[in-house]
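Worksheet: the structure to be examined is printed underneath.
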Amino acid sequence: MLIGIIGKSNVGKSTFFNAATSLGVQTANFPFTTIEPNIGIGHIRTPCVCTEFHVKDNPLHSICIDGNRYIPIRILDVAGLVPGAHSGRGLGNQFLDSAREADALVHVVDVAGSTDLEGRAVNPGTGDPIQDADFVLEEFDLWLVTNLKKNLEKASRDLQGTPEKISKVLSRQLSGLSIKESQIITSLIEAGLDGKKLSSWSASDLLMFCRTLRKMAKPMIVAANKADFGPAESNLQKLKSLDTEVIPCISEAEVMLKLGSKNGLLRYRPGDSSFDINPKVLLREEQKKALEKVQAVLTKYGSTGVQQILNRVCFGLLGMIVVYPVEDENRLIDKKGNVLPDAYLLPKDSTAKDLAERVHEQLGKGFLYAVDARSKQRVGAEYKLKDRDVIKIVSTTSRR
Ligand SMILES: Nc1nc2c(ncn2[C@@H]2O[C@H](COP(=O)(O)OP(=O)(O)O)[C@@H](O)[C@H]2O)c(=O)[nH]1
Ligand SMILES: [Mg+2]
C-alpha cells in the first residue's frame, strides 16, 4: 500500500512525511529508513489481537507496543505544487508523475493560512486553505486531462471500426496510473458519458470524466496542518464545506514527540492523546515550554492527527482489514516459534486463498484449507476474511 502526500509548497508535506515515517521507538531489525529518496515506511496503528488471546507476541515485520500493533505501509513525499503545474510549471510534472502510483492521497493544506498560493510565507490568516485545496485538485484533474488528451485522437481512431470498448481503450491510455478498468466504467457512467463517442467529447466532458475518475481512483483525505496557530479553528470550520474528510493536524508536534521519545525524554506512542515526561531527566526551560505547547494542542485536538490520518486512509478510504497468519492455530506461532509473527493489511473482500497468496505464492498454489484460530473451524479457499482474523493455512506445500 502506498500513500502519497500532495499539496502546495510550504504547507508542511515534508514535516508530515518525517512525522509519519519515524516511530520514535527503538526496536531491533526493523527498517524505518527511507527506502527510496522520497519513499519511507510509516505505520498503521490497530489494537493487536494479542490481548484478546492472552499471548505475548513477537512480531517480525510489524511492531506491538502495549497491545497496539503498528503495521508498516509505504509513504511517498512529493514536490510541492504551484498553480500551472499540470503544464509543467515548477516541479509540477514531477509531482504529478510521482502521484500516479499512490493508492490514496493525503492532501496537506496550511490551515493557519500562513502561506500564499505560491507557498511564500505571509501573515497567518492571509492565505486561504479552501483555495489551496481547490487549486491542488484542479491541477490534478488538469494533469489527467493533459495525459489523456495527448493520446485521445489516436484512441478515437483506434476505436473506429472495432468492437473494442471505450473503457478498454481509456484503460490503456491511463495504464501506469493504478486505475482499474472497472473504475473507468463507473466514471463514464457517473460523468454521463456512457455510450458517447470519444470523438464527440467536449473539453468539459473530458474534465468531468477526469474529475470523477480522480475521486474514485485516488481517494483523498485533507490534513489540515499547522492547526496550532493563526485562525486555524475558523479555517477548520470553513474546510467542512469540502466534500472530503478533513482532519486537523500538527505535524511539527508529532516530529517533536517522536524525537523526544527516541531520546528517552518522554514516553509517547504514535497516535496517543498524551505523553509522559521521563521523571529521571531534567528538561531545559525551552524544552519544557515547547512540550507545554505540544500538550496544549493534544488537549485541544485529542492527538497530533498524524496517526489518525494514516489510519483513516487505510481503514476508511481504502477499507482495509487486518489479518494475522499463523502456522499453529493453538499457540499462534510460526515454525520458528514467533508469536503472531505477521499482521497483513488486505482489501476487505479478501479470501483465505488471497491471504495464502499474499504470504507466499507457493502457499497459495497448494492451498488445501484454512483454520480460524478463534473458532478452530476449518474454512475453504473462498472464505471471506474478517478484520482481526487469525488464520492458519494448510497447503500441499506446508511441511510440519
Ligand atoms: N507551527 C507549525 N509549523 C509547521 C507545521 N508543519 C510544518 N511546519 C513548518 O512549515 C514550514 C514548511 O514545512 P515543510 O515540511 O518544509 O513544507 P513542504 O514544502 O510542504 O514540504 C517549515 O518551516 C515547518 O517547520 C505545524 O504543524 N505547525
Ligand atoms: Mg517538502
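Identifiers in the C-alpha cells: chain A, B, ... in order shown; residue index from 1 per chain; ligand index from 1 in order shown.
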
Exercise for the section: Output the neighbourhood of ligand 1 as a ChimeraX atom specification, that is, all protein and nucleic acid residues with some atom at most 7 Å from the ligand, counting only C-alpha atoms and all ligand atoms. Expected result: /A:7-16,80,225-229,249-253

Pick out the residues sitting within 8 Å of A:Thr244, and hand them over as a PDB file with C-alpha atoms, in the first residue's frame; count only C-alpha atoms, and ignore anything fewer than 6 positions along from it in its own chain.
ATOM      1  CA  MET A 220      -8.086  11.562  -0.607  1.00  0.00           C
ATOM      2  CA  ILE A 221      -8.147  12.961   2.896  1.00  0.00           C
ATOM      3  CA  VAL A 222      -7.283  16.552   3.806  1.00  0.00           C
TER       4      VAL A 222
END

Exercise for the section: Per DSSP on the backbone, filter stretch 93-199 of chain A down to the residues in strand (DSSP E) and report them as an MDAnalysis selection string. Expected result: chainID A and resid 104:110

Fill in the blank from the handout: If you count only C-alpha atoms and all ligand atoms, the residue of A:Asp77, A:Asp66, A:Glu52, A:Asp349 closest to ligand 2 turns out to be A:Asp77

Practice task
Write out as a list in words which residues come within 6 Å of A:Ala232 when counting only C-alpha atoms, dropping same-chain ones fewer than 3 positions away.
Solution key: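 In the requested form, the answer reads Val111, Ala112, Ala227 and Asn235 of chain A.
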
Output of the above residues as a compact mmCIF listing (two decimals), in the first residue's frame, restricted to N, CA, C and O atoms:
# COMPACT_ATOMS: atom_id res chain seq x y z
N VAL A 111 -3.67 25.19 7.36
CA VAL A 111 -4.94 25.69 7.91
C VAL A 111 -4.74 26.99 8.70
O VAL A 111 -5.69 27.69 9.04
N ALA A 112 -3.47 27.33 8.97
CA ALA A 112 -3.19 28.61 9.64
C ALA A 112 -3.21 29.75 8.62
O ALA A 112 -3.15 30.92 9.00
N ALA A 227 -2.31 23.36 12.58
CA ALA A 227 -3.53 23.69 13.33
C ALA A 227 -3.20 24.33 14.67
O ALA A 227 -4.09 24.57 15.48
N ASN A 235 -10.73 28.48 10.18
CA ASN A 235 -10.48 27.86 8.87
C ASN A 235 -10.94 26.40 8.83
O ASN A 235 -11.41 25.92 7.81
